[in-house]
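K.L.:
Dropping in target31.csv, which is CSV, C-alpha atoms:
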chain,number,residue,atom,x,y,z
A,1454,MET,CA,12.5,-16.1,14.6
A,1455,TYR,CA,11.4,-17.4,11.2
A,1456,THR,CA,8.7,-19.6,9.9
A,1457,ARG,CA,8.6,-21.4,6.6
A,1458,CYS,CA,5.4,-21.9,4.5
A,1459,PRO,CA,4.8,-25.6,4.0
A,1460,GLU,CA,3.2,-25.0,0.6
A,1461,CYS,CA,5.6,-22.7,-1.2
A,1462,SER,CA,8.7,-22.8,1.2
A,1463,THR,CA,8.7,-19.0,1.5
A,1464,VAL,CA,10.4,-17.9,4.7
A,1465,HIS,CA,8.8,-15.2,6.8
A,1466,PRO,CA,10.3,-13.3,9.8
A,1467,VAL,CA,8.0,-13.4,12.8
A,1468,ASN,CA,8.0,-12.3,16.4
A,1469,ALA,CA,6.1,-13.1,19.6
A,1470,ALA,CA,3.6,-10.2,19.0
A,1471,LEU,CA,2.7,-11.5,15.5
A,1472,LEU,CA,2.4,-15.1,16.7
A,1473,ALA,CA,0.1,-14.0,19.6
A,1474,GLN,CA,-2.0,-11.9,17.3
A,1475,GLY,CA,-3.0,-14.8,15.1
A,1476,GLY,CA,-2.8,-17.6,17.7
A,1477,GLY,CA,0.2,-19.0,15.9
A,1478,ARG,CA,-1.7,-19.1,12.5
A,1479,TYR,CA,-0.9,-16.9,9.5
A,1480,ARG,CA,-1.7,-16.5,5.8
A,1481,CYS,CA,1.3,-16.7,3.4
A,1482,GLY,CA,1.5,-13.6,1.3
A,1483,LYS,CA,2.9,-15.5,-1.7
A,1484,CYS,CA,0.7,-18.6,-2.0
A,1485,ASN,CA,-2.2,-17.3,0.2
A,1486,LYS,CA,-2.2,-20.6,2.2
A,1487,THR,CA,-3.1,-20.5,5.9
A,1488,SER,CA,-0.7,-22.4,8.1
A,1489,ASN,CA,0.5,-22.8,11.7
A,1490,ALA,CA,3.8,-20.9,12.2
A,1491,LEU,CA,4.6,-22.9,15.3
A,1492,GLU,CA,4.9,-26.1,13.2
A,1493,ASN,CA,7.7,-24.7,11.1
A,1494,LEU,CA,9.6,-22.4,13.5
A,1495,PHE,CA,13.3,-21.7,13.3
A,1496,ASP,CA,15.6,-19.5,15.4
A,1497,ASP,CA,17.7,-18.5,12.4
A,1498,TRP,CA,17.1,-18.3,8.6
A,1499,PRO,CA,16.5,-22.0,7.7
A,1500,ALA,CA,18.9,-23.5,5.1
A,1501,ALA,CA,17.6,-25.6,2.2
A,1502,GLY,CA,16.4,-29.0,3.6
A,1503,ALA,CA,16.5,-27.8,7.2
A,1504,ARG,CA,13.5,-29.1,9.2
A,1505,PRO,CA,12.0,-27.7,12.5
A,1506,ALA,CA,12.1,-29.7,15.7
A,1507,GLY,CA,9.4,-32.3,15.8
A,1508,ALA,CA,7.0,-33.1,18.6
A,1509,GLY,CA,8.7,-35.0,21.4
A,1510,GLU,CA,12.2,-33.9,20.6
A,1511,LEU,CA,14.2,-32.3,23.4
A,1512,PRO,CA,15.2,-28.7,22.7
A,1513,VAL,CA,18.7,-27.5,23.2
A,1514,LEU,CA,18.8,-24.5,25.5
A,1515,GLY,CA,22.2,-22.9,25.2
A,1516,LEU,CA,25.3,-24.4,26.8
A,1517,ASN,CA,25.7,-28.1,27.7
A,1518,ILE,CA,25.7,-28.7,31.4
A,1519,ASP,CA,28.6,-30.8,32.9
A,1520,PHE,CA,26.8,-32.6,35.8
A,1521,THR,CA,30.2,-33.9,37.1
A,1522,LYS,CA,31.5,-30.4,37.7
A,1523,ALA,CA,28.2,-29.4,39.1
A,1524,GLY,CA,28.5,-32.2,41.7
A,1525,HIS,CA,32.0,-31.0,42.7
A,1526,SER,CA,30.8,-27.4,43.1
A,1527,ARG,CA,28.2,-28.6,45.5
A,1528,ARG,CA,30.9,-30.2,47.7
A,1529,GLU,CA,33.1,-27.1,47.7
A,1530,PRO,CA,33.1,-24.9,50.9
A,1531,PRO,CA,30.5,-22.1,50.9
A,1532,GLU,CA,33.2,-19.5,51.2
A,1533,ALA,CA,34.5,-20.3,47.7
A,1534,ALA,CA,31.0,-19.9,46.2
A,1535,LEU,CA,30.5,-16.6,48.0
A,1536,THR,CA,33.9,-15.4,46.8
A,1537,GLY,CA,33.1,-16.2,43.2
A,1538,ALA,CA,29.8,-14.5,43.4
A,1539,GLY,CA,31.4,-11.4,44.9
A,1540,GLU,CA,33.9,-11.2,42.0
A,1541,GLU,CA,31.1,-11.5,39.5
A,1542,ARG,CA,29.2,-8.7,41.1
A,1543,ALA,CA,32.3,-6.6,41.2
A,1544,GLN,CA,32.8,-6.9,37.4
A,1545,LYS,CA,29.2,-5.8,36.6
A,1546,PRO,CA,28.6,-2.0,36.2
A,1547,PRO,CA,26.1,-0.4,38.6
A,1548,ARG,CA,22.5,-0.9,37.5
A,1549,GLY,CA,21.7,2.7,37.8
A,1550,ARG,CA,24.3,3.6,35.2
A,1551,LEU,CA,23.0,1.0,32.8
A,1552,TRP,CA,19.5,2.5,33.0
A,1553,LEU,CA,20.9,6.0,32.4
A,1554,ARG,CA,22.7,4.9,29.3
A,1555,ALA,CA,19.6,3.1,28.0
A,1556,PHE,CA,17.5,6.2,28.6
A,1557,TRP,CA,19.9,8.5,26.7
A,1558,LEU,CA,20.2,6.0,23.8
A,1559,THR,CA,16.4,5.7,23.5
A,1560,ALA,CA,16.0,9.5,23.7
A,1561,GLY,CA,18.6,10.0,21.0
A,1562,ILE,CA,16.9,7.5,18.6
A,1563,ALA,CA,13.5,9.0,19.2
A,1564,LEU,CA,14.8,12.6,18.6
A,1565,ALA,CA,16.5,11.5,15.4
A,1566,ALA,CA,13.3,9.8,14.2
A,1567,ILE,CA,11.2,13.0,14.9
A,1568,VAL,CA,13.7,15.1,13.0
A,1569,VAL,CA,13.6,12.8,9.9
A,1570,VAL,CA,9.8,12.7,9.9
A,1571,LYS,CA,9.5,16.5,10.2
A,1572,LEU,CA,11.9,17.0,7.4
A,1573,ALA,CA,10.0,14.6,5.2
A,1574,GLU,CA,6.7,16.4,6.0
A,1575,PHE,CA,8.3,19.8,5.2
A,1576,ASN,CA,9.6,18.5,1.8
A,1577,GLY,CA,6.2,16.9,1.0
A,1578,THR,CA,7.9,13.5,0.5
A,1579,PRO,CA,6.7,10.4,2.4
A,1580,LEU,CA,9.3,8.3,4.1
A,1581,ILE,CA,7.8,5.1,2.7
A,1582,GLU,CA,5.4,4.8,-0.2
A,1583,PRO,CA,2.0,3.4,0.8
A,1584,ALA,CA,2.3,0.8,-1.9
A,1585,ARG,CA,5.6,-0.6,-0.4
A,1586,ILE,CA,3.9,-0.7,3.1
A,1587,ASP,CA,1.0,-2.7,1.7
A,1588,ALA,CA,3.4,-5.1,-0.1
A,1589,ALA,CA,5.3,-5.6,3.1
A,1590,LEU,CA,2.1,-6.3,5.1
A,1591,VAL,CA,0.9,-8.8,2.4
A,1592,LYS,CA,4.3,-10.5,2.4
A,1593,LEU,CA,4.1,-10.9,6.2
A,1594,GLY,CA,0.5,-12.3,6.0
A,1595,LEU,CA,-0.9,-9.3,7.9
A,1596,LYS,CA,-3.0,-8.1,5.0
A,1597,ALA,CA,-4.9,-9.9,2.3
A,1598,PRO,CA,-3.6,-9.3,-1.3
A,1599,GLU,CA,-5.7,-7.1,-3.6
A,1600,PRO,CA,-7.9,-9.1,-6.0
A,1601,ALA,CA,-6.4,-9.3,-9.4
A,1602,ARG,CA,-8.2,-7.0,-11.9
A,1603,PRO,CA,-9.6,-8.6,-15.0
A,1604,PHE,CA,-7.7,-7.9,-18.3
A,1605,ARG,CA,-9.4,-5.2,-20.3
A,1606,ASP,CA,-8.2,-3.4,-23.5
A,1607,LEU,CA,-11.1,-1.7,-25.3
A,1608,ASP,CA,-8.7,-0.7,-28.2
A,1609,GLN,CA,-8.5,-4.4,-29.1
A,1610,ILE,CA,-12.3,-4.7,-29.6
A,1611,ARG,CA,-12.8,-4.0,-33.3
A,1612,LEU,CA,-15.9,-3.3,-35.3
A,1613,VAL,CA,-15.9,-5.6,-38.3
A,1614,SER,CA,-19.2,-4.6,-40.0
A,1615,ARG,CA,-22.2,-2.3,-39.3
A,1616,GLN,CA,-25.5,-1.5,-40.9
A,1617,LEU,CA,-28.3,0.8,-39.7
A,1618,PHE,CA,-31.8,0.7,-41.2
A,1619,SER,CA,-35.5,1.1,-40.3
A,1620,HIS,CA,-36.9,-1.8,-38.2
A,1621,PRO,CA,-38.7,-4.2,-40.6
A,1622,GLU,CA,-41.6,-4.9,-38.3
A,1623,GLU,CA,-41.9,-2.0,-35.7
A,1624,PRO,CA,-42.6,1.5,-37.0
A,1625,GLY,CA,-40.6,4.3,-35.3
A,1626,MET,CA,-37.7,2.0,-34.5
A,1627,LEU,CA,-34.3,1.5,-35.9
A,1628,ARG,CA,-32.2,-1.7,-36.1
A,1629,LEU,CA,-28.4,-1.8,-36.0
A,1630,GLN,CA,-26.7,-5.0,-37.2
A,1631,ALA,CA,-23.0,-5.1,-36.5
A,1632,THR,CA,-20.2,-7.6,-35.9
A,1633,ILE,CA,-17.4,-7.1,-33.3
A,1634,VAL,CA,-14.3,-9.2,-32.5
A,1635,ASN,CA,-11.8,-9.3,-29.7
A,1636,ARG,CA,-8.3,-8.9,-31.2
A,1637,ALA,CA,-6.5,-9.2,-27.8
A,1638,PRO,CA,-4.6,-12.4,-27.0
A,1639,ARG,CA,-6.7,-12.9,-23.9
A,1640,ARG,CA,-10.3,-13.0,-22.9
A,1641,GLN,CA,-11.8,-9.7,-21.7
A,1642,PRO,CA,-15.2,-8.5,-20.4
A,1643,TYR,CA,-18.0,-7.7,-22.9
A,1644,PRO,CA,-18.1,-4.0,-23.4
A,1645,GLU,CA,-21.0,-1.5,-23.1
A,1646,ILE,CA,-21.9,-0.4,-26.6
A,1647,GLU,CA,-23.0,3.3,-27.2
A,1648,VAL,CA,-24.7,4.2,-30.5
A,1649,THR,CA,-24.8,8.0,-31.2
A,1650,LEU,CA,-26.8,9.5,-34.0
A,1651,PHE,CA,-25.7,12.8,-35.6
A,1652,GLY,CA,-27.5,15.4,-37.7
A,1653,ALA,CA,-26.4,16.9,-41.1
A,1654,GLY,CA,-24.3,19.5,-39.4
A,1655,GLY,CA,-22.5,17.0,-37.2
A,1656,GLU,CA,-24.6,17.8,-34.1
A,1657,ARG,CA,-25.5,15.1,-31.7
A,1658,VAL,CA,-29.1,14.1,-32.1
A,1659,SER,CA,-29.5,11.1,-29.7
A,1660,SER,CA,-27.5,8.5,-27.9
A,1661,VAL,CA,-28.3,5.0,-26.5
A,1662,ARG,CA,-26.3,2.5,-24.5
A,1663,PHE,CA,-26.5,-1.2,-24.5
A,1664,GLU,CA,-25.3,-3.4,-21.6
A,1665,PRO,CA,-24.0,-6.9,-22.4
A,1666,GLN,CA,-27.2,-8.5,-21.2
A,1667,ASP,CA,-29.0,-6.3,-23.8
A,1668,TYR,CA,-27.3,-7.8,-26.8
A,1669,LEU,CA,-26.2,-11.3,-25.7
A,1670,ALA,CA,-28.4,-14.3,-26.3
A,1671,ALA,CA,-30.5,-15.5,-23.4
A,1672,GLY,CA,-28.5,-18.0,-21.2
A,1673,SER,CA,-25.1,-16.7,-22.3
A,1674,ASP,CA,-22.4,-16.8,-19.7
A,1675,ARG,CA,-21.3,-13.2,-19.5
A,1676,SER,CA,-18.6,-14.0,-16.8
A,1677,ARG,CA,-16.4,-15.8,-19.4
A,1678,GLY,CA,-16.0,-12.6,-21.4
A,1679,MET,CA,-15.1,-12.3,-25.1
A,1680,THR,CA,-13.1,-15.1,-26.6
A,1681,PRO,CA,-10.0,-13.9,-28.6
A,1682,GLN,CA,-10.5,-13.8,-32.4
A,1683,ALA,CA,-14.1,-14.9,-32.1
A,1684,TYR,CA,-16.6,-12.9,-34.1
A,1685,LEU,CA,-19.8,-11.7,-32.3
A,1686,PRO,CA,-22.8,-10.6,-34.4
A,1687,LEU,CA,-25.1,-8.0,-32.8
A,1688,THR,CA,-28.7,-6.9,-33.4
A,1689,LEU,CA,-29.6,-3.7,-31.6
A,1690,ASP,CA,-33.1,-2.1,-31.8
A,1691,PHE,CA,-33.8,1.4,-30.5
A,1692,GLU,CA,-36.1,4.4,-31.1
A,1693,ASP,CA,-35.8,6.4,-34.3
A,1694,PRO,CA,-35.3,10.1,-33.4
A,1695,GLY,CA,-36.7,11.2,-36.8
A,1696,GLY,CA,-35.4,12.5,-40.1
A,1697,THR,CA,-32.8,14.8,-38.4
A,1698,ALA,CA,-30.4,11.9,-37.9
A,1699,VAL,CA,-28.2,11.2,-41.0
A,1700,GLY,CA,-25.2,9.5,-39.5
A,1701,PHE,CA,-24.2,7.3,-36.5
A,1702,GLU,CA,-21.2,6.3,-34.5
A,1703,ILE,CA,-20.4,3.2,-32.3
A,1704,ASP,CA,-18.2,3.4,-29.2
A,1705,PHE,CA,-17.2,0.8,-26.6
A,1706,HIS,CA,-17.0,1.5,-22.9
As structure tokens - that is how I would like this structure written.
P.N.:
Amino acid sequence: MYTRCPECSTVHPVNAALLAQGGGRYRCGKCNKTSNALENLFDDWPAAGARPAGAGELPVLGLNIDFTKAGHSRREPPEAALTGAGEERAQKPPRGRLWLRAFWLTAGIALAAIVVVKLAEFNGTPLIEPARIDAALVKLGLKAPEPARPFRDLDQIRLVSRQLFSHPEEPGMLRLQATIVNRAPRRQPYPEIEVTLFGAGGERVSSVRFEPQDYLAAGSDRSRGMTPQAYLPLTLDFEDPGGTAVGFEIDFH
């Protein structure tokens, strides 16, 4: 059986177990819309423009019935009916033999599956990659798709200018004034800014990190991220470690 999403027209294969699990409702793995599979149910893959049976329409259940021949058969002698039934039974193979064939066929398939699985485990290679399994479950509407990760490229955040000096009003503090810009073609989240001070021999003296809320103006919408090609001036104040620091470095995280 197949059902077609009324929103994006994607066709999904279904079976009775899947329909019973969701009470007939499912979530399309392509457009994420929730629909009722029973309203767009087809026996075969639906052609373009095909529509499911509407409410009140009589279903077609296999062969057409000839009621005239059926009336004639009711008027035939019982012996003829019994003879026909006997011939039909004679043509069918014994039921016990059918069960035996089915048993051996099922056992053979199960044995082959076990051998394949054991060989895959021995070679350390999974039969199906987990990513493909997840994609198939999402396509069938049995698993919600993973949320899209925000675009992020720290290499495209550039430092345009920087200047470090003693705080003009608070003794024992330093002030860093810098300008950064997002050179990426898309918005991306504001970075964490790490300022590291170094001594004369290149040794690390101190380090301080600033979150976006530490350097953005009050009331700024951090969720919108950095606009492409927009310059962002920064003023960062932090404690002065003393005269041992002679250089500094700025990193984005």
K.L.:
Just the residues within 6 Å of region 1681-1695 of chain A, please, counting only C-alpha atoms, with nothing from its chain fewer than 5 positions along; format it as a PyMOL selection string.
P.N.:
chain A and resi 1625-1640
K.L.:
Would you save the residues of that selection, restricted to C-alpha atoms, as a tab-separated table (two decimals), in the frame of the given file?
P.N.:
chain	number	residue	atom	x	y	z
A	1625	GLY	CA	-40.60	4.30	-35.30
A	1626	MET	CA	-37.70	2.00	-34.50
A	1627	LEU	CA	-34.30	1.50	-35.90
A	1628	ARG	CA	-32.20	-1.70	-36.10
A	1629	LEU	CA	-28.40	-1.80	-36.00
A	1630	GLN	CA	-26.70	-5.00	-37.20
A	1631	ALA	CA	-23.00	-5.10	-36.50
A	1632	THR	CA	-20.20	-7.60	-35.90
A	1633	ILE	CA	-17.40	-7.10	-33.30
A	1634	VAL	CA	-14.30	-9.20	-32.50
A	1635	ASN	CA	-11.80	-9.30	-29.70
A	1636	ARG	CA	-8.30	-8.90	-31.20
A	1637	ALA	CA	-6.50	-9.20	-27.80
A	1638	PRO	CA	-4.60	-12.40	-27.00
A	1639	ARG	CA	-6.70	-12.90	-23.90
A	1640	ARG	CA	-10.30	-13.00	-22.90
K.L.:
With all atoms listed in the file as the atoms that count, which of A:Gly1561, A:Pro1642, A:Gly1475, A:Gly1700 lies nearest to Leu1491 (chain A)?
P.N.:
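That would be A:Gly1475, the residue with the smallest distance to Leu1491 (chain A).
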K.L.:
Set the distance at 9 Å and use only C-alpha atoms: which residues neighbour Pro1665 (chain A) once local chain neighbours fewer than 4 positions away are removed? I'd like the list as a list of chain:residue names.
P.N.:
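Selected residues are A:Tyr1643, A:Pro1644, A:Glu1645, A:Ile1646, A:Leu1669, A:Arg1675.
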K.L.:
In Å, rounded to a single decimal, give me how far CA of Asp1704 (chain A) is from CA of Leu1650 (chain A).
P.N.:
11.6 Å
K.L.:
Record the distance separating CA of Ala1597 (chain A) and CA of Ala1473 (chain A), expressed in Å with one decimal.
P.N.:
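So the answer is 18.5 Å.
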K.L.:
What does the distance between CA of Glu1647 (chain A) and CA of Ser1660 (chain A) come to in Å, to one decimal place?
P.N.:
6.9 Å
K.L.:
May I have the residues within 10 Å of Glu1460 (chain A) as a list of chain:residue names, using all atoms listed in the file and disregarding those fewer than 6 positions away in the same chain?
P.N.:
A:Cys1481, A:Lys1483, A:Cys1484, A:Asn1485, A:Lys1486, A:Thr1487, A:Ser1488
K.L.:
Counting only C-alpha atoms, write as a list in words all protein and nucleic acid residues lying at most 12 Å from (-21.9, 8.1, -33.1) in the file's frame.
P.N.:
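The answer, in the requested form, is Leu1617, Ile1646, Glu1647, Val1648, Thr1649, Leu1650, Phe1651, Gly1652, Gly1655, Glu1656, Arg1657, Val1658, Ser1659, Ser1660, Val1661, Arg1662, Ala1698, Val1699, Gly1700, Phe1701, Glu1702, Ile1703, Asp1704 and Phe1705 of chain A.
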K.L.:
Those same residues, written as a short mmCIF file (atom, residue, chain, number, x, y, z; two decimals), in the frame of the given file with C-alpha atoms?
P.N.:
data_model
loop_
_atom_site.label_atom_id
_atom_site.label_comp_id
_atom_site.auth_asym_id
_atom_site.auth_seq_id
_atom_site.Cartn_x
_atom_site.Cartn_y
_atom_site.Cartn_z
CA LEU A 1617 -28.30 0.80 -39.70
CA ILE A 1646 -21.90 -0.40 -26.60
CA GLU A 1647 -23.00 3.30 -27.20
CA VAL A 1648 -24.70 4.20 -30.50
CA THR A 1649 -24.80 8.00 -31.20
CA LEU A 1650 -26.80 9.50 -34.00
CA PHE A 1651 -25.70 12.80 -35.60
CA GLY A 1652 -27.50 15.40 -37.70
CA GLY A 1655 -22.50 17.00 -37.20
CA GLU A 1656 -24.60 17.80 -34.10
CA ARG A 1657 -25.50 15.10 -31.70
CA VAL A 1658 -29.10 14.10 -32.10
CA SER A 1659 -29.50 11.10 -29.70
CA SER A 1660 -27.50 8.50 -27.90
CA VAL A 1661 -28.30 5.00 -26.50
CA ARG A 1662 -26.30 2.50 -24.50
CA ALA A 1698 -30.40 11.90 -37.90
CA VAL A 1699 -28.20 11.20 -41.00
CA GLY A 1700 -25.20 9.50 -39.50
CA PHE A 1701 -24.20 7.30 -36.50
CA GLU A 1702 -21.20 6.30 -34.50
CA ILE A 1703 -20.40 3.20 -32.30
CA ASP A 1704 -18.20 3.40 -29.20
CA PHE A 1705 -17.20 0.80 -26.60
#
K.L.:
My list of candidates is A:Arg1585, A:Arg1504, A:Lys1596, A:Arg1602. Which is closest to Arg1480 (chain A) when distances are computed with all atoms listed in the file?
P.N.:
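Answer, going by the shortest atom-to-atom distance: A:Lys1596.
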K.L.:
Excluding same-chain residues fewer than 6 positions from Asn1493 (chain A), what lies within 6 Å of it counting all atoms listed in the file, as a list in words?
P.N.:
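These residues fall inside the cut-off: Thr1456, Arg1457 and Pro1505 of chain A.
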